[in-house]
Structures are given as C-alpha cells and as structure tokens.
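Novice: Next comes the structure file start.txt, holding compact mmCIF, C-alpha atoms.
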# COMPACT_ATOMS: atom_id res chain seq x y z
CA MET B 253 -20.91 1.75 25.69
CA GLU B 254 -19.03 0.16 22.77
CA VAL B 255 -15.83 1.99 23.69
CA SER B 256 -16.21 0.98 27.32
CA LYS B 257 -16.63 -2.70 26.39
CA THR B 258 -13.37 -2.52 24.45
CA LYS B 259 -11.39 -0.45 26.97
CA ASN B 260 -12.85 -1.94 30.15
CA PRO B 261 -13.65 -5.61 29.50
CA ARG B 262 -13.97 -6.36 33.24
CA PHE B 263 -16.61 -3.71 33.92
CA ASN B 264 -20.08 -4.86 34.90
CA ARG B 265 -23.20 -3.46 33.18
CA LYS B 266 -23.58 -0.56 35.64
CA GLN B 267 -19.91 0.44 35.32
CA HIS B 268 -20.22 0.45 31.51
CA ARG B 269 -23.29 2.70 31.81
CA ASP B 270 -21.51 5.07 34.21
CA PHE B 271 -18.53 5.27 31.85
CA ALA B 272 -20.85 6.06 28.92
CA LYS B 273 -22.73 8.73 30.92
CA GLU B 274 -19.44 10.40 31.90
CA TRP B 275 -18.36 10.42 28.24
CA ALA B 276 -21.72 11.86 27.19
CA LYS B 277 -21.27 14.74 29.66
CA ASN B 278 -17.54 15.47 29.53
CA GLY B 279 -15.99 13.44 26.73
CA PRO B 280 -14.34 14.89 23.63
CA LEU B 281 -17.53 14.41 21.60
CA THR B 282 -19.12 17.29 23.51
CA LYS B 283 -16.53 19.77 22.25
CA LYS B 284 -17.69 21.88 19.32
CA GLY B 285 -16.18 20.80 16.01
CA TYR B 286 -14.41 17.77 17.53
CA ILE B 287 -16.21 15.16 15.41
CA GLU B 288 -15.81 17.10 12.17
CA LYS B 289 -12.12 17.78 12.87
CA THR B 290 -11.40 14.17 13.90
CA GLN B 291 -13.18 12.71 10.87
CA LYS B 292 -11.34 15.06 8.53
CA GLU B 293 -7.96 14.13 10.03
CA HIS B 294 -8.81 10.43 9.98
CA TYR B 295 -9.88 10.40 6.32
CA GLU B 296 -6.93 12.54 5.24
CA GLU B 297 -4.49 10.14 6.90
CA PHE B 298 -6.33 7.13 5.45
CA ASP B 299 -6.25 8.68 1.97
CA LYS B 300 -2.49 9.27 2.16
CA ARG B 301 -1.80 5.62 2.97
CA PHE B 302 -4.43 3.72 1.03
CA GLY B 303 -4.97 3.02 -2.65
CA VAL B 304 -7.97 1.48 -4.42
CA LEU B 305 -8.30 0.44 -8.05
CA SER B 306 -11.79 -0.31 -9.33
CA LEU B 307 -12.31 -2.93 -12.04
CA THR B 308 -15.16 -4.99 -13.43
CA ALA B 309 -15.24 -8.77 -13.53
CA ASN B 310 -17.23 -8.81 -16.79
CA HIS B 311 -15.69 -7.62 -20.06
CA SER B 312 -19.09 -7.96 -21.77
CA ASN B 313 -20.84 -5.48 -19.46
CA LEU B 314 -22.54 -3.04 -21.84
CA SER B 315 -23.25 -0.48 -19.11
CA MET B 316 -19.55 -0.33 -18.21
CA TRP B 317 -18.54 0.03 -21.86
CA ASN B 318 -21.00 2.89 -22.27
CA LYS B 319 -19.97 4.60 -19.03
CA TYR B 320 -16.19 4.22 -19.16
CA SER B 321 -15.23 3.72 -22.81
CA GLY B 322 -17.16 6.50 -24.48
CA SER B 323 -19.79 4.01 -25.67
CA GLY B 324 -17.36 1.67 -27.39
CA LYS B 325 -14.78 4.22 -28.55
CA ASP B 326 -12.01 2.84 -26.33
CA PHE B 327 -10.70 -0.53 -25.18
CA CYS B 328 -10.64 -2.94 -22.25
CA VAL B 329 -7.62 -4.76 -20.79
CA GLY B 330 -7.96 -8.23 -19.31
CA PHE B 331 -5.52 -9.40 -16.62
CA ASP B 332 -4.42 -12.71 -15.13
CA SER B 333 -6.19 -12.13 -11.82
CA GLU B 334 -3.86 -14.30 -9.72
CA VAL B 335 -0.73 -12.48 -10.91
CA PHE B 336 -2.47 -9.10 -10.86
CA PHE B 337 -3.72 -9.36 -7.28
CA SER B 338 -0.33 -10.58 -6.04
CA LYS B 339 1.25 -7.38 -7.42
CA VAL B 340 -1.33 -4.82 -6.32
CA GLY B 341 -2.01 -6.08 -2.81
CA GLY B 342 -5.10 -8.28 -3.11
CA GLY B 343 -8.72 -7.61 -3.86
CA GLY B 344 -12.24 -8.94 -3.96
CA PRO B 345 -15.83 -8.39 -5.08
CA VAL B 346 -17.88 -5.41 -3.95
CA PHE B 347 -21.03 -6.07 -1.91
CA TYR B 348 -24.07 -4.06 -3.00
CA VAL B 349 -26.36 -3.11 -0.12
CA ASP B 350 -29.51 -1.06 0.52
CA GLU B 351 -27.69 1.07 3.09
CA LEU B 352 -23.95 1.53 3.56
CA PRO B 353 -22.69 -0.04 6.80
CA VAL B 354 -22.06 2.26 9.74
CA ILE B 355 -18.41 2.52 10.77
CA TYR B 356 -18.17 2.58 14.56
CA HIS B 357 -15.44 4.10 16.68
CA SER B 358 -14.88 0.66 18.21
CA ASP B 359 -14.47 -1.16 14.87
CA ASP B 360 -11.04 -2.69 14.43
CA ARG B 361 -9.06 -1.68 11.36
CA ASN B 362 -9.98 -4.81 9.39
CA THR B 363 -13.73 -4.35 10.00
CA GLU B 364 -13.55 -0.67 9.10
CA HIS B 365 -11.57 -1.54 5.97
CA ILE B 366 -14.13 -4.09 4.73
CA LYS B 367 -17.05 -1.73 5.41
CA GLN B 368 -15.35 1.21 3.73
CA VAL B 369 -13.78 -0.46 0.68
CA PHE B 370 -16.05 -3.38 -0.26
CA HIS B 371 -19.56 -1.94 0.14
CA LYS B 372 -21.53 0.22 -2.28
CA GLU B 373 -25.18 1.15 -2.70
CA LYS B 374 -27.29 -1.21 -4.83
CA LYS B 375 -27.72 1.42 -7.54
CA TRP B 376 -24.11 0.61 -8.57
CA ALA B 377 -24.65 -3.17 -8.80
CA PHE B 378 -24.57 -3.02 -12.61
CA GLU B 379 -20.81 -2.44 -12.41
CA GLU B 380 -20.08 -5.99 -11.16
CA GLU B 381 -17.09 -4.42 -9.50
CA TYR B 382 -13.90 -5.97 -8.19
CA ARG B 383 -11.68 -3.73 -6.14
CA THR B 384 -7.98 -4.09 -5.59
CA HIS B 385 -6.38 -2.32 -2.68
CA LYS B 386 -3.03 -1.57 -1.14
CA PHE B 387 -2.08 -0.09 2.22
CA TYR B 388 1.13 1.89 2.68
CA PRO B 389 2.58 2.20 6.22
CA ASN B 390 3.79 5.71 5.34
CA PRO B 391 2.11 8.35 3.18
CA ALA B 392 2.40 7.15 -0.44
CA SER B 393 3.69 9.33 -3.25
CA ILE B 394 2.43 9.18 -6.85
CA LYS B 395 5.54 7.14 -7.69
CA ASP B 396 4.75 4.64 -4.89
CA ARG B 397 1.28 4.19 -6.35
CA GLN B 398 2.50 3.51 -9.91
CA ILE B 399 2.82 -0.27 -9.91
CA ILE B 400 4.60 -1.84 -12.87
CA LEU B 401 2.95 -5.11 -13.83
CA PRO B 402 4.93 -8.02 -15.32
CA GLN B 403 4.25 -8.98 -18.94
CA ILE B 404 2.56 -12.25 -17.93
CA CYS B 405 -0.13 -10.23 -16.15
CA PHE B 406 -1.67 -9.02 -19.43
CA LYS B 407 -4.01 -11.54 -21.05
CA GLU B 408 -6.25 -9.71 -23.54
CA VAL B 409 -7.13 -6.41 -25.14
CA VAL B 410 -10.75 -5.98 -26.19
CA PHE B 411 -11.41 -3.16 -28.65
CA GLY B 412 -14.70 -1.29 -28.49
CA TRP B 413 -17.13 -1.48 -31.39
CA ASP B 414 -16.59 2.16 -32.27
CA ILE B 415 -12.83 2.53 -31.71
CA ALA B 416 -10.88 4.40 -34.39
CA GLN B 417 -8.71 2.17 -36.58
CA LYS B 418 -5.71 4.41 -35.88
CA SER B 419 -6.10 3.90 -32.13
CA LYS B 420 -6.48 0.16 -32.60
CA ASP B 421 -3.31 -0.02 -34.72
CA GLU B 422 -1.33 2.00 -32.17
CA ILE B 423 -2.43 -0.18 -29.26
CA MET B 424 -1.60 -3.38 -31.12
CA GLU B 425 1.79 -1.98 -32.06
CA VAL B 426 2.59 -1.10 -28.42
CA CYS B 427 1.56 -4.58 -27.23
CA ILE B 428 3.65 -6.33 -29.88
CA LYS B 429 6.64 -4.04 -29.33
CA ASN B 430 6.57 -4.82 -25.59
CA ASN B 431 6.27 -8.58 -26.20
CA LEU B 432 2.87 -8.83 -24.51
CA ASN B 433 1.37 -12.23 -25.20
CA VAL B 434 -2.22 -10.97 -25.35
CA ASP B 435 -5.29 -12.06 -27.26
CA PHE B 436 -6.74 -9.24 -29.34
CA LYS B 437 -10.53 -9.25 -29.31
CA HIS B 438 -13.32 -7.08 -30.59
CA ALA B 439 -16.59 -6.15 -28.86
CA THR B 440 -19.64 -6.09 -31.11
CA LEU B 441 -23.08 -4.78 -30.22
CA ASN B 442 -25.71 -7.49 -30.46
CA GLY B 443 -29.22 -6.32 -29.58
CA ASN B 444 -29.07 -5.24 -25.92
CA GLY B 445 -25.75 -6.91 -25.24
CA ILE B 446 -22.19 -7.41 -26.39
CA VAL B 447 -20.46 -10.28 -28.16
CA ILE B 448 -16.69 -10.61 -27.72
CA GLN B 449 -14.91 -12.15 -30.71
CA GLN B 450 -11.31 -13.12 -31.33
CA LEU B 451 -9.42 -10.91 -33.79
CA ASN B 452 -7.21 -12.62 -36.33
CA ILE B 453 -4.06 -10.60 -37.05
Would you mind writing the structure in this file as structure tokens?
Specialist:
Amino acid sequence: MEVSKTKNPRFNRKQHRDFAKEWAKNGPLTKKGYIEKTQKEHYEEFDKRFGVLSLTANHSNLSMWNKYSGSGKDFCVGFDSEVFFSKVGGGGPVFYVDELPVIYHSDDRNTEHIKQVFHKEKKWAFEEEYRTHKFYPNPASIKDRQIILPQICFKEVVFGWDIAQKSKDEIMEVCIKNNLNVDFKHATLNGNGIVIQQLNI
C-alpha cells in the first residue's frame, strides 16, 4: 500500500488495494531469498558510501571514560564543534528510544538516514552521543575517509586520572610540536564523578 501511494498517487483506495494484492501474490517479495539478498546488497552499498564517527558531548562522562579510555588510562580530545562539523560533513545528537524505528521501503533517503544514524536503544543513553556523518557519492576508500582537521579545530586535551606520565609527556610534545593551541586538562575522580581541572605547564 505504501509503495502504491508513492508510485500511483492518483489511484483511489480500491486501486491501491488491488495493487497491493497483486504485489502480495506475484511481487518480488514472494521470491525465496529476495528480501535477504536485497537487504544485504543495500547495506553493503550504504556501507561503502557512508561514514559515521561517534563522539560524546560530555568530557566529564565517567561511564565513557571507563568504557573507552581503559578507566582513565588514556585521554580525551575536545574540538571546536563548528569547525569540526564543517570539515566532517555535519552531525547531531543521537535520540534514545525504547524501540528502534522501522525503516520502510517507501521512506525517502533523508528519512531512512535519520532513522538509521541518529537513533539508538535507551540502554545506550549514558553515552550522551553526538554523531558526525559523511556521504560519498562513490564508494569511499580508507584514504577518502581520513579527514585532516585544521589546527584551529583542536581545543583541549584531557588526560585520564590513571594515564602514564610518559604517555602524557609524549602527547603534550606532539601538540606543542604541531603548534596546536590546546588547553591541557586533567580528569580527577571525585566520588562517583569526574572533575576536570586545568593543567599548568
């Protein structure tokens, strides 16, 4: 019915029903393996042309530090969001829902894109995620996907509470050597949360 409404906007209700019945009997969906094959091809083509980078909007998120930095053994990079998004193709917050939205055959590309990229189950809400995304008209190589950010994009480096001094020194050296005008900060555990403090160097 949805396909008929899109393909045949002048059909009346009965004609839409007849179209749907004909599809149900003889359409491609009745062929064994058609749906699985079509979905596989669709997602493979989508994957070749689309890139997503997942970030968090909160540098004080203890759960994210524990999950992605080895419980404070690594570091976090803060970006100028306006410059960053202009270079990577845009982005926005993730919506956390009880059930992931259904993607229909009749959905336009924009609707499908929003459903697919910006929705996650509520169990992931602790991530406070922002996603950046980029679409490539042709299949993208690894080189295409490696985006070089300008120096002004980098705003801060936050060191975890358990990072090795050697690692910290190396990171600071790289930033200074590359003339990155970043604030160096340190994350400290404070009860059940994190305090971010400026580092004086």
Novice: For Gln368 (chain B), which residue out of B:Glu425, B:Asp435, B:Asp414, B:Asp299 is the nearest one, using all atoms listed in the file?
Specialist: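 For Gln368 (chain B), the nearest of the candidates is B:Asp299.
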Novice: Applying 6 Å and all atoms listed in the file, which residues near region 346-363 of chain B remain after dropping the ones on its own chain fewer than 6 positions away? List them as an NGL selection string.
Specialist: :B and (255 or 370-374 or 377 or 381-382)
Novice: In Å, with one decimal, what is the gap from CA of Gly324 (chain B) to CA of Glu379 (chain B)?
Specialist: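 CA of Glu379 (chain B) lies 15.9 Å from CA of Gly324 (chain B).
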Novice: With only C-alpha atoms as the counted atoms, please give the residues lying no more than 8 Å from Gln449 (chain B), apart from itself and same-chain residues fewer than 2 positions off, as a PyMOL selection string.
Specialist: chain B and resi 437-440+447+451
Novice: What does the structure give for the distance between CA of Phe406 (chain B) and CA of Ala309 (chain B), in Å to one decimal?
Specialist: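 Pair CA of Phe406 (chain B) / CA of Ala309 (chain B) returns 14.8 Å.
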Novice: Rounded to one decimal place, report the CA of Phe302 (chain B)-CA of Tyr388 (chain B) distance in Å.
Specialist: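 According to the coordinates, CA of Phe302 (chain B) and CA of Tyr388 (chain B) are separated by 6.1 Å.
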Novice: Which one is closest to Phe411 (chain B): B:Ala392, B:Ile448, B:Cys427, B:Val340? Count all atoms listed in the file.
Specialist: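 Between B:Ala392, B:Ile448, B:Cys427, B:Val340, the residue approaching Phe411 (chain B) most closely is B:Ile448.
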Novice: Residues within 12 Å of Phe271 (chain B), please, as JSON, numbers by chain. Count only C-alpha atoms; anything in the same chain fewer than 4 positions from it doesn't count.
Specialist: {"B": [253, 254, 255, 256, 257, 258, 259, 260, 263, 264, 265, 266, 267, 275, 276, 277, 278, 279]}
Novice: What's around region 393-397 of chain B at 10 Å? Count only C-alpha atoms, leave out sequence neighbours fewer than 3 positions away in its own chain, and write the answer as a list in words.
Specialist: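 Near neighbours after the sequence-gap exclusion: Lys300, Arg301, Phe302, Gly303, Val304, Val340, Lys386, Tyr388, Asn390 and Ile400 of chain B.
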Novice: Given the choices B:Val426, B:Ala272, B:Val335, B:Val369, which gets closest to Val409 (chain B) if the distance is worked out from only C-alpha atoms?
Specialist: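 So, comparing all the options, the nearest one is B:Val426.
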Novice: So, with all atoms listed in the file as the atoms that count, which of B:Gln398, B:Asn442, B:Thr308, B:Asn433 lies closest to Trp376 (chain B)?
Specialist: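 Smallest distance to Trp376 (chain B) is found for B:Thr308.
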Novice: How would region 364-384 of chain B read, as a PDB file, keeping the file's coordinate frame, once N, CA, C and O atoms are built in?
Specialist:
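File produced: out-v8.pdb:
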ATOM      1  N   GLU B 364     -13.358  -1.979   9.726  1.00  0.00           N
ATOM      2  CA  GLU B 364     -13.550  -0.670   9.100  1.00  0.00           C
ATOM      3  C   GLU B 364     -13.174  -0.737   7.619  1.00  0.00           C
ATOM      4  O   GLU B 364     -13.879  -0.214   6.757  1.00  0.00           O
ATOM      5  N   HIS B 365     -12.068  -1.413   7.345  1.00  0.00           N
ATOM      6  CA  HIS B 365     -11.570  -1.540   5.970  1.00  0.00           C
ATOM      7  C   HIS B 365     -12.597  -2.225   5.069  1.00  0.00           C
ATOM      8  O   HIS B 365     -12.905  -1.745   3.977  1.00  0.00           O
ATOM      9  N   ILE B 366     -13.151  -3.341   5.526  1.00  0.00           N
ATOM     10  CA  ILE B 366     -14.130  -4.090   4.730  1.00  0.00           C
ATOM     11  C   ILE B 366     -15.387  -3.251   4.505  1.00  0.00           C
ATOM     12  O   ILE B 366     -15.924  -3.189   3.390  1.00  0.00           O
ATOM     13  N   LYS B 367     -15.847  -2.576   5.544  1.00  0.00           N
ATOM     14  CA  LYS B 367     -17.050  -1.730   5.410  1.00  0.00           C
ATOM     15  C   LYS B 367     -16.807  -0.592   4.425  1.00  0.00           C
ATOM     16  O   LYS B 367     -17.670  -0.266   3.614  1.00  0.00           O
ATOM     17  N   GLN B 368     -15.634   0.011   4.515  1.00  0.00           N
ATOM     18  CA  GLN B 368     -15.350   1.210   3.730  1.00  0.00           C
ATOM     19  C   GLN B 368     -15.043   0.888   2.268  1.00  0.00           C
ATOM     20  O   GLN B 368     -15.469   1.591   1.362  1.00  0.00           O
ATOM     21  N   VAL B 369     -14.293  -0.181   2.019  1.00  0.00           N
ATOM     22  CA  VAL B 369     -13.780  -0.460   0.680  1.00  0.00           C
ATOM     23  C   VAL B 369     -14.690  -1.375  -0.148  1.00  0.00           C
ATOM     24  O   VAL B 369     -14.818  -1.205  -1.354  1.00  0.00           O
ATOM     25  N   PHE B 370     -15.344  -2.340   0.501  1.00  0.00           N
ATOM     26  CA  PHE B 370     -16.050  -3.380  -0.260  1.00  0.00           C
ATOM     27  C   PHE B 370     -17.567  -3.292  -0.182  1.00  0.00           C
ATOM     28  O   PHE B 370     -18.253  -4.295  -0.416  1.00  0.00           O
ATOM     29  N   HIS B 371     -18.093  -2.120   0.122  1.00  0.00           N
ATOM     30  CA  HIS B 371     -19.560  -1.940   0.140  1.00  0.00           C
ATOM     31  C   HIS B 371     -19.947  -0.717  -0.684  1.00  0.00           C
ATOM     32  O   HIS B 371     -19.321   0.339  -0.568  1.00  0.00           O
ATOM     33  N   LYS B 372     -20.974  -0.892  -1.509  1.00  0.00           N
ATOM     34  CA  LYS B 372     -21.530   0.220  -2.280  1.00  0.00           C
ATOM     35  C   LYS B 372     -23.051   0.083  -2.309  1.00  0.00           C
ATOM     36  O   LYS B 372     -23.587  -1.003  -2.082  1.00  0.00           O
ATOM     37  N   GLU B 373     -23.722   1.186  -2.610  1.00  0.00           N
ATOM     38  CA  GLU B 373     -25.180   1.150  -2.700  1.00  0.00           C
ATOM     39  C   GLU B 373     -25.617   0.306  -3.901  1.00  0.00           C
ATOM     40  O   GLU B 373     -24.906   0.209  -4.906  1.00  0.00           O
ATOM     41  N   LYS B 374     -26.797  -0.293  -3.793  1.00  0.00           N
ATOM     42  CA  LYS B 374     -27.290  -1.210  -4.830  1.00  0.00           C
ATOM     43  C   LYS B 374     -27.430  -0.570  -6.200  1.00  0.00           C
ATOM     44  O   LYS B 374     -27.395  -1.258  -7.210  1.00  0.00           O
ATOM     45  N   LYS B 375     -27.566   0.751  -6.241  1.00  0.00           N
ATOM     46  CA  LYS B 375     -27.720   1.420  -7.540  1.00  0.00           C
ATOM     47  C   LYS B 375     -26.490   1.236  -8.421  1.00  0.00           C
ATOM     48  O   LYS B 375     -26.544   1.458  -9.626  1.00  0.00           O
ATOM     49  N   TRP B 376     -25.342   0.829  -7.813  1.00  0.00           N
ATOM     50  CA  TRP B 376     -24.110   0.610  -8.570  1.00  0.00           C
ATOM     51  C   TRP B 376     -23.884  -0.861  -8.917  1.00  0.00           C
ATOM     52  O   TRP B 376     -22.842  -1.213  -9.471  1.00  0.00           O
ATOM     53  N   ALA B 377     -24.843  -1.716  -8.618  1.00  0.00           N
ATOM     54  CA  ALA B 377     -24.650  -3.170  -8.800  1.00  0.00           C
ATOM     55  C   ALA B 377     -24.354  -3.545 -10.246  1.00  0.00           C
ATOM     56  O   ALA B 377     -23.714  -4.560 -10.510  1.00  0.00           O
ATOM     57  N   PHE B 378     -24.807  -2.714 -11.201  1.00  0.00           N
ATOM     58  CA  PHE B 378     -24.570  -3.020 -12.610  1.00  0.00           C
ATOM     59  C   PHE B 378     -23.080  -3.078 -12.958  1.00  0.00           C
ATOM     60  O   PHE B 378     -22.682  -3.672 -13.965  1.00  0.00           O
ATOM     61  N   GLU B 379     -22.236  -2.484 -12.118  1.00  0.00           N
ATOM     62  CA  GLU B 379     -20.810  -2.440 -12.410  1.00  0.00           C
ATOM     63  C   GLU B 379     -20.109  -3.786 -12.236  1.00  0.00           C
ATOM     64  O   GLU B 379     -19.029  -3.994 -12.774  1.00  0.00           O
ATOM     65  N   GLU B 380     -20.709  -4.692 -11.443  1.00  0.00           N
ATOM     66  CA  GLU B 380     -20.080  -5.990 -11.160  1.00  0.00           C
ATOM     67  C   GLU B 380     -18.615  -5.789 -10.778  1.00  0.00           C
ATOM     68  O   GLU B 380     -17.704  -6.415 -11.310  1.00  0.00           O
ATOM     69  N   GLU B 381     -18.434  -4.931  -9.796  1.00  0.00           N
ATOM     70  CA  GLU B 381     -17.090  -4.420  -9.500  1.00  0.00           C
ATOM     71  C   GLU B 381     -16.235  -5.349  -8.650  1.00  0.00           C
ATOM     72  O   GLU B 381     -16.709  -5.975  -7.709  1.00  0.00           O
ATOM     73  N   TYR B 382     -14.971  -5.414  -9.018  1.00  0.00           N
ATOM     74  CA  TYR B 382     -13.900  -5.970  -8.190  1.00  0.00           C
ATOM     75  C   TYR B 382     -13.018  -4.795  -7.809  1.00  0.00           C
ATOM     76  O   TYR B 382     -12.740  -3.948  -8.643  1.00  0.00           O
ATOM     77  N   ARG B 383     -12.591  -4.780  -6.568  1.00  0.00           N
ATOM     78  CA  ARG B 383     -11.680  -3.730  -6.140  1.00  0.00           C
ATOM     79  C   ARG B 383     -10.371  -4.325  -5.654  1.00  0.00           C
ATOM     80  O   ARG B 383     -10.358  -5.305  -4.906  1.00  0.00           O
ATOM     81  N   THR B 384      -9.286  -3.745  -6.121  1.00  0.00           N
ATOM     82  CA  THR B 384      -7.980  -4.090  -5.590  1.00  0.00           C
ATOM     83  C   THR B 384      -7.579  -2.979  -4.621  1.00  0.00           C
ATOM     84  O   THR B 384      -8.057  -1.856  -4.741  1.00  0.00           O
TER      85      THR B 384
END
